[in-house]
Every structure is written in C-alpha cells, then in structure tokens.
Amino acid sequence: MTRIPHPGAAHVADVLISRGHHGVVVTRPEPMHTARQAAAASGIELGAVTKSLVMLLDDDPVLFLVSGAHNVDLDATGRRVEGILTRAPRDVAEDATGQPVGGIAPVGHPTNLPTYVDTALAAFPQLWAAAGHPNTTFRTTYSELLRITAGLAVDVGPDV
C-alpha cells in the first residue's frame with residue numbers, strides 16, 4: 001500500500017529540496033502536537049526537537065525556531081531582536097504560515113517570515129522539525145536550519 005503524503009508536507013518537502021536539503025519527510029501514524037511527543041516518537045532528546053513558534057515582533061509575524069527544551073523569554077529576547085515580542089494568536093500563526101499549529105515547519109509558508117533560530121539548537125548534531133502537518137517531521141542540522149530559513153541565531157533565554 002502506498003502512503004500519499006499530506007499536501008502540506010509534500011509542499012514542505014518541495015521547498016526543502018529547492019533549498020538544497022534532501023527533502024525526506026517522515027510520516028508517523030500518530031500526530032506529534034508537542035515537542036515531548038515528537039521527541040518520544042523519534043527517540044531523541046527533547047532539546048533536539050525544533051519547535052516552530054510564530055511570534056509578533058512589533059505587531060508583525062516572525063518565526064522562532066526553538067529547542068524543545070526551552071521556552072522563549074519574551075522580554076529578554078525582545079530586547080535582543082530590538083522590538084516588543086509577544087505570542088501570536090493561533091489564527092495569526094496559521095494564517096502567516098499556512099500550516100496548522102503543532103505541525104508548523106521552518107519553511108513552506110506563503111511568504112518568507114523573518115526567522116530567528118535558538119542558539120541552544122547548535123548543541124545537537126541532528127535536529128528534527130515539523131514538516132507542515134502534526135504527523136510529519138524532517139531531519140536537519142543547526143547550520144542547515146540557519147541556511148534554509150535565512151535565519152538569524154539568537155539566544156531566547158533570560159538575561160544572565
């Protein structure tokens with residue numbers, strides 16, 4: 001039996017390939033709505049899961065790719081990216097990315113969102129990220145994630 005990929009995941013795979021990534025998307029039988037679920041399903045450390053979080057930076061949607069083991073400190077990170085940072089409502093996140101929350105990929109959105117990548121992800125040789133649907137993921141690396149998203153590295157933790 002041939003499994004037909006979800007259209008959102010197929011689009012993400014096409015975008016990945018166009019940006020020089022191998023484009024292999026893994027489809028799991030159960031959805032992985034949280035980083036913990038993705039880590040358990042993939043048999044990896046929580047920190048190696050890449051969460052895609054849509055935020056508002058001075059009212060404009062931006063994408064933060066964050067280690068599954070971290071939360072974004074909105075005040076400290078806002079100062080680092082030089083703006084007021086708030087969480088985007090679910091409808092804004094889904095409209096900006098064209099993908100469902102819990103399955104938002106780092107790429108494949110209707111427009112290229114400014115993207116910030118958590119520096120903590122650099123500690124892991126392999127990362128896994130959602131691929132446009134809660135049942136799908138793809139493998140990448142920190143440097144590749146920066147390249148395919150044209151992302152900027154940022155520390156998302158509190159000021160020390």
# chains A, B, ... in the order shown; residues from 1 in each chain; ligands from 1

call {"tool": "residues_around", "arguments": {"residues": "region 50-67 of chain A", "least_positions_apart": "5", "cutoff": "7 Å", "atoms": "only C-alpha atoms", "output": "short mmCIF file (atom, residue, chain, number, x, y, z; two decimals) with N, CA, C and O atoms, in the first residue's frame"}}
result
data_model
loop_
_atom_site.label_atom_id
_atom_site.label_comp_id
_atom_site.auth_asym_id
_atom_site.auth_seq_id
_atom_site.Cartn_x
_atom_site.Cartn_y
_atom_site.Cartn_z
N ALA A 35 6.52 19.13 21.54
CA ALA A 35 7.92 18.73 21.42
C ALA A 35 8.16 17.41 22.15
O ALA A 35 8.91 16.55 21.67
N GLY A 83 12.76 44.80 19.65
CA GLY A 83 11.34 45.08 19.47
C GLY A 83 10.52 44.51 20.61
O GLY A 83 11.05 43.88 21.52
N ILE A 84 9.23 44.73 20.54
CA ILE A 84 8.32 44.16 21.52
C ILE A 84 7.86 42.81 20.98
O ILE A 84 7.29 42.73 19.89
N LEU A 85 8.12 41.77 21.75
CA LEU A 85 7.84 40.40 21.32
C LEU A 85 6.68 39.83 22.12
O LEU A 85 6.70 39.86 23.36
N THR A 86 5.66 39.34 21.42
CA THR A 86 4.51 38.69 22.05
C THR A 86 4.18 37.42 21.26
O THR A 86 4.58 37.27 20.11
N ARG A 87 3.44 36.53 21.88
CA ARG A 87 2.99 35.31 21.18
C ARG A 87 1.87 35.67 20.22
O ARG A 87 0.97 36.43 20.56
N ALA A 88 1.93 35.10 19.04
CA ALA A 88 0.85 35.31 18.06
C ALA A 88 -0.34 34.43 18.41
O ALA A 88 -0.16 33.28 18.81
N ALA A 93 -0.96 32.70 13.61
CA ALA A 93 0.12 31.75 13.32
C ALA A 93 -0.23 30.88 12.11
O ALA A 93 0.60 30.69 11.21
N ALA A 96 -0.30 33.09 8.89
CA ALA A 96 1.03 33.52 8.46
C ALA A 96 1.84 32.38 7.85
O ALA A 96 2.67 32.60 6.96
N ILE A 104 3.75 23.24 12.28
CA ILE A 104 4.37 24.33 11.53
C ILE A 104 5.84 24.01 11.26
O ILE A 104 6.62 23.77 12.18
N ALA A 105 6.17 24.01 9.99
CA ALA A 105 7.55 23.75 9.55
C ALA A 105 8.35 25.05 9.54
O ALA A 105 7.78 26.14 9.48
N PRO A 106 9.67 24.93 9.52
CA PRO A 106 10.51 26.12 9.40
C PRO A 106 10.42 26.80 8.02
O PRO A 106 10.81 27.95 7.87
N LEU A 113 8.80 34.42 6.27
CA LEU A 113 8.76 35.09 7.56
C LEU A 113 10.18 35.35 8.06
O LEU A 113 11.03 34.46 7.94
N PRO A 114 10.44 36.52 8.63
CA PRO A 114 11.72 36.69 9.29
C PRO A 114 11.85 35.58 10.34
O PRO A 114 10.91 35.30 11.08
N THR A 115 13.02 34.94 10.38
CA THR A 115 13.19 33.75 11.20
C THR A 115 14.38 33.90 12.13
O THR A 115 15.45 34.33 11.71
N TYR A 116 14.18 33.51 13.38
CA TYR A 116 15.22 33.52 14.41
C TYR A 116 15.39 32.10 14.91
O TYR A 116 14.40 31.40 15.17
N VAL A 117 16.65 31.68 15.05
CA VAL A 117 16.94 30.29 15.42
C VAL A 117 17.66 30.28 16.77
O VAL A 117 18.69 30.92 16.95
N ASP A 118 17.09 29.54 17.71
CA ASP A 118 17.62 29.39 19.07
C ASP A 118 19.05 28.84 19.02
O ASP A 118 19.29 27.76 18.47
N ALA A 120 20.67 27.44 21.26
CA ALA A 120 20.79 26.18 22.00
C ALA A 120 20.69 24.97 21.08
O ALA A 120 21.20 23.89 21.41
N LEU A 121 20.07 25.12 19.91
CA LEU A 121 19.96 24.01 18.97
C LEU A 121 21.33 23.59 18.42
O LEU A 121 21.49 22.46 17.96
N LEU A 127 18.85 17.55 14.31
CA LEU A 127 17.62 18.16 14.79
C LEU A 127 16.44 17.59 14.01
O LEU A 127 16.60 17.16 12.87
N TRP A 128 15.28 17.62 14.63
CA TRP A 128 14.05 17.22 13.95
C TRP A 128 13.06 18.37 14.05
O TRP A 128 12.94 19.00 15.11
N ALA A 129 12.37 18.65 12.95
CA ALA A 129 11.40 19.74 12.92
C ALA A 129 10.12 19.25 12.25
O ALA A 129 10.14 18.30 11.46
#

call {"tool": "select_by_dssp", "arguments": {"residues": "chain A", "states": "strand (DSSP E)", "output": "PyMOL selection string"}}
result
chain A and resi 26-27+49-57+60-67+85-87+115-118+127-130+136-140+152-154

call {"tool": "write_last_selection", "arguments": {"atoms": "N, CA, C and O atoms", "output": "compact mmCIF listing (two decimals), in the first residue's frame"}}
result
# COMPACT_ATOMS: atom_id res chain seq x y z
N VAL A 26 9.35 12.37 7.20
CA VAL A 26 8.90 11.15 7.87
C VAL A 26 7.47 11.37 8.34
O VAL A 26 7.16 12.38 8.99
N THR A 27 6.60 10.41 8.01
CA THR A 27 5.21 10.47 8.45
C THR A 27 4.99 9.41 9.52
O THR A 27 5.33 8.25 9.33
N VAL A 49 14.52 18.61 19.38
CA VAL A 49 13.28 18.90 18.65
C VAL A 49 13.24 20.40 18.41
O VAL A 49 13.48 21.19 19.33
N THR A 50 12.94 20.79 17.20
CA THR A 50 12.86 22.20 16.84
C THR A 50 11.40 22.63 16.83
O THR A 50 10.63 22.20 15.97
N LYS A 51 11.02 23.45 17.82
CA LYS A 51 9.66 23.99 17.87
C LYS A 51 9.59 25.20 16.95
O LYS A 51 10.49 26.05 16.97
N SER A 52 8.54 25.31 16.16
CA SER A 52 8.30 26.48 15.33
C SER A 52 7.23 27.32 16.01
O SER A 52 6.08 26.91 16.10
N LEU A 53 7.63 28.49 16.49
CA LEU A 53 6.72 29.37 17.22
C LEU A 53 6.54 30.68 16.47
O LEU A 53 7.53 31.38 16.20
N VAL A 54 5.32 31.00 16.13
CA VAL A 54 5.05 32.28 15.49
C VAL A 54 4.84 33.31 16.59
O VAL A 54 4.04 33.10 17.51
N MET A 55 5.59 34.38 16.49
CA MET A 55 5.51 35.49 17.45
C MET A 55 5.16 36.75 16.69
O MET A 55 5.25 36.80 15.46
N LEU A 56 4.79 37.76 17.44
CA LEU A 56 4.61 39.09 16.86
C LEU A 56 5.76 39.96 17.35
O LEU A 56 5.98 40.08 18.55
N LEU A 57 6.48 40.52 16.42
CA LEU A 57 7.55 41.47 16.73
C LEU A 57 7.05 42.83 16.28
O LEU A 57 6.92 43.09 15.08
N ASP A 60 4.20 42.49 13.83
CA ASP A 60 4.45 41.75 12.59
C ASP A 60 4.82 40.30 12.92
O ASP A 60 5.65 40.06 13.80
N PRO A 61 4.25 39.32 12.20
CA PRO A 61 4.58 37.92 12.48
C PRO A 61 6.03 37.59 12.10
O PRO A 61 6.53 38.03 11.06
N VAL A 62 6.69 36.87 13.00
CA VAL A 62 8.03 36.35 12.79
C VAL A 62 8.02 34.92 13.29
O VAL A 62 7.16 34.51 14.05
N LEU A 63 9.02 34.16 12.86
CA LEU A 63 9.11 32.76 13.26
C LEU A 63 10.32 32.55 14.15
O LEU A 63 11.43 33.00 13.81
N PHE A 64 10.11 31.88 15.27
CA PHE A 64 11.21 31.47 16.14
C PHE A 64 11.31 29.96 16.10
O PHE A 64 10.31 29.27 16.30
N LEU A 65 12.50 29.45 15.81
CA LEU A 65 12.78 28.02 15.83
C LEU A 65 13.54 27.76 17.11
O LEU A 65 14.68 28.21 17.27
N VAL A 66 12.91 27.05 18.03
CA VAL A 66 13.37 26.96 19.41
C VAL A 66 13.55 25.51 19.83
O VAL A 66 12.74 24.65 19.48
N SER A 67 14.59 25.26 20.61
CA SER A 67 14.81 23.93 21.18
C SER A 67 13.58 23.50 21.98
O SER A 67 13.01 24.29 22.73
N LEU A 85 8.12 41.77 21.75
CA LEU A 85 7.84 40.40 21.32
C LEU A 85 6.68 39.83 22.12
O LEU A 85 6.70 39.86 23.36
N THR A 86 5.66 39.34 21.42
CA THR A 86 4.51 38.69 22.05
C THR A 86 4.18 37.42 21.26
O THR A 86 4.58 37.27 20.11
N ARG A 87 3.44 36.53 21.88
CA ARG A 87 2.99 35.31 21.18
C ARG A 87 1.87 35.67 20.22
O ARG A 87 0.97 36.43 20.56
N THR A 115 13.02 34.94 10.38
CA THR A 115 13.19 33.75 11.20
C THR A 115 14.38 33.90 12.13
O THR A 115 15.45 34.33 11.71
N TYR A 116 14.18 33.51 13.38
CA TYR A 116 15.22 33.52 14.41
C TYR A 116 15.39 32.10 14.91
O TYR A 116 14.40 31.40 15.17
N VAL A 117 16.65 31.68 15.05
CA VAL A 117 16.94 30.29 15.42
C VAL A 117 17.66 30.28 16.77
O VAL A 117 18.69 30.92 16.95
N ASP A 118 17.09 29.54 17.71
CA ASP A 118 17.62 29.39 19.07
C ASP A 118 19.05 28.84 19.02
O ASP A 118 19.29 27.76 18.47
N LEU A 127 18.85 17.55 14.31
CA LEU A 127 17.62 18.16 14.79
C LEU A 127 16.44 17.59 14.01
O LEU A 127 16.60 17.16 12.87
N TRP A 128 15.28 17.62 14.63
CA TRP A 128 14.05 17.22 13.95
C TRP A 128 13.06 18.37 14.05
O TRP A 128 12.94 19.00 15.11
N ALA A 129 12.37 18.65 12.95
CA ALA A 129 11.40 19.74 12.92
C ALA A 129 10.12 19.25 12.25
O ALA A 129 10.14 18.30 11.46
N ALA A 130 9.02 19.91 12.55
CA ALA A 130 7.75 19.59 11.91
C ALA A 130 7.85 19.89 10.41
O ALA A 130 8.61 20.75 9.99
N THR A 136 4.08 14.79 10.67
CA THR A 136 5.28 14.76 9.84
C THR A 136 6.44 15.53 10.45
O THR A 136 6.25 16.55 11.11
N THR A 137 7.64 15.01 10.20
CA THR A 137 8.87 15.67 10.63
C THR A 137 9.94 15.49 9.57
O THR A 137 9.82 14.66 8.67
N PHE A 138 11.02 16.27 9.70
CA PHE A 138 12.19 16.06 8.87
C PHE A 138 13.44 16.31 9.70
O PHE A 138 13.40 17.01 10.70
N ARG A 139 14.53 15.68 9.29
CA ARG A 139 15.81 15.80 9.99
C ARG A 139 16.66 16.88 9.34
O ARG A 139 16.65 17.05 8.12
N THR A 140 17.39 17.62 10.17
CA THR A 140 18.27 18.67 9.69
C THR A 140 19.38 18.89 10.69
O THR A 140 19.51 18.13 11.65
N LEU A 152 18.40 34.04 11.61
CA LEU A 152 19.40 34.69 12.44
C LEU A 152 19.47 33.97 13.78
O LEU A 152 18.44 33.70 14.39
N ALA A 153 20.68 33.67 14.24
CA ALA A 153 20.87 33.00 15.51
C ALA A 153 20.57 33.97 16.64
O ALA A 153 20.98 35.13 16.59
N VAL A 154 19.86 33.48 17.67
CA VAL A 154 19.53 34.33 18.82
C VAL A 154 19.40 33.45 20.06
O VAL A 154 18.90 32.32 19.98

call {"tool": "closest_residue", "arguments": {"among": "A:Asp155, A:Ala9, A:Thr111, A:Gln37", "to": "Val24 (chain A)", "atoms": "only C-alpha atoms"}}
result
A:Ala9

call {"tool": "closest_residue", "arguments": {"among": "A:His22, A:His33, A:His70, A:Arg80", "to": "His133 (chain A)", "atoms": "only C-alpha atoms"}}
result
A:His33

call {"tool": "select_by_dssp", "arguments": {"residues": "chain A", "states": "helix (DSSP H, G or I)", "output": "PyMOL selection string"}}
result
chain A and resi 7-18+35-42+46-48+74-80+90-97+119-123+142-149

call {"tool": "closest_residue", "arguments": {"among": "A:His109, A:Arg28, A:Thr97, A:Ala39", "to": "Asp14 (chain A)", "atoms": "only C-alpha atoms"}}
result
A:His109

call {"tool": "atom_distance", "arguments": {"atom1": "CA of Pro31 (chain A)", "atom2": "CA of Pro134 (chain A)"}}
result
4.8 Å

call {"tool": "atom_distance", "arguments": {"atom1": "CA of Ala76 (chain A)", "atom2": "CA of Thr119 (chain A)"}}
result
14.2 Å
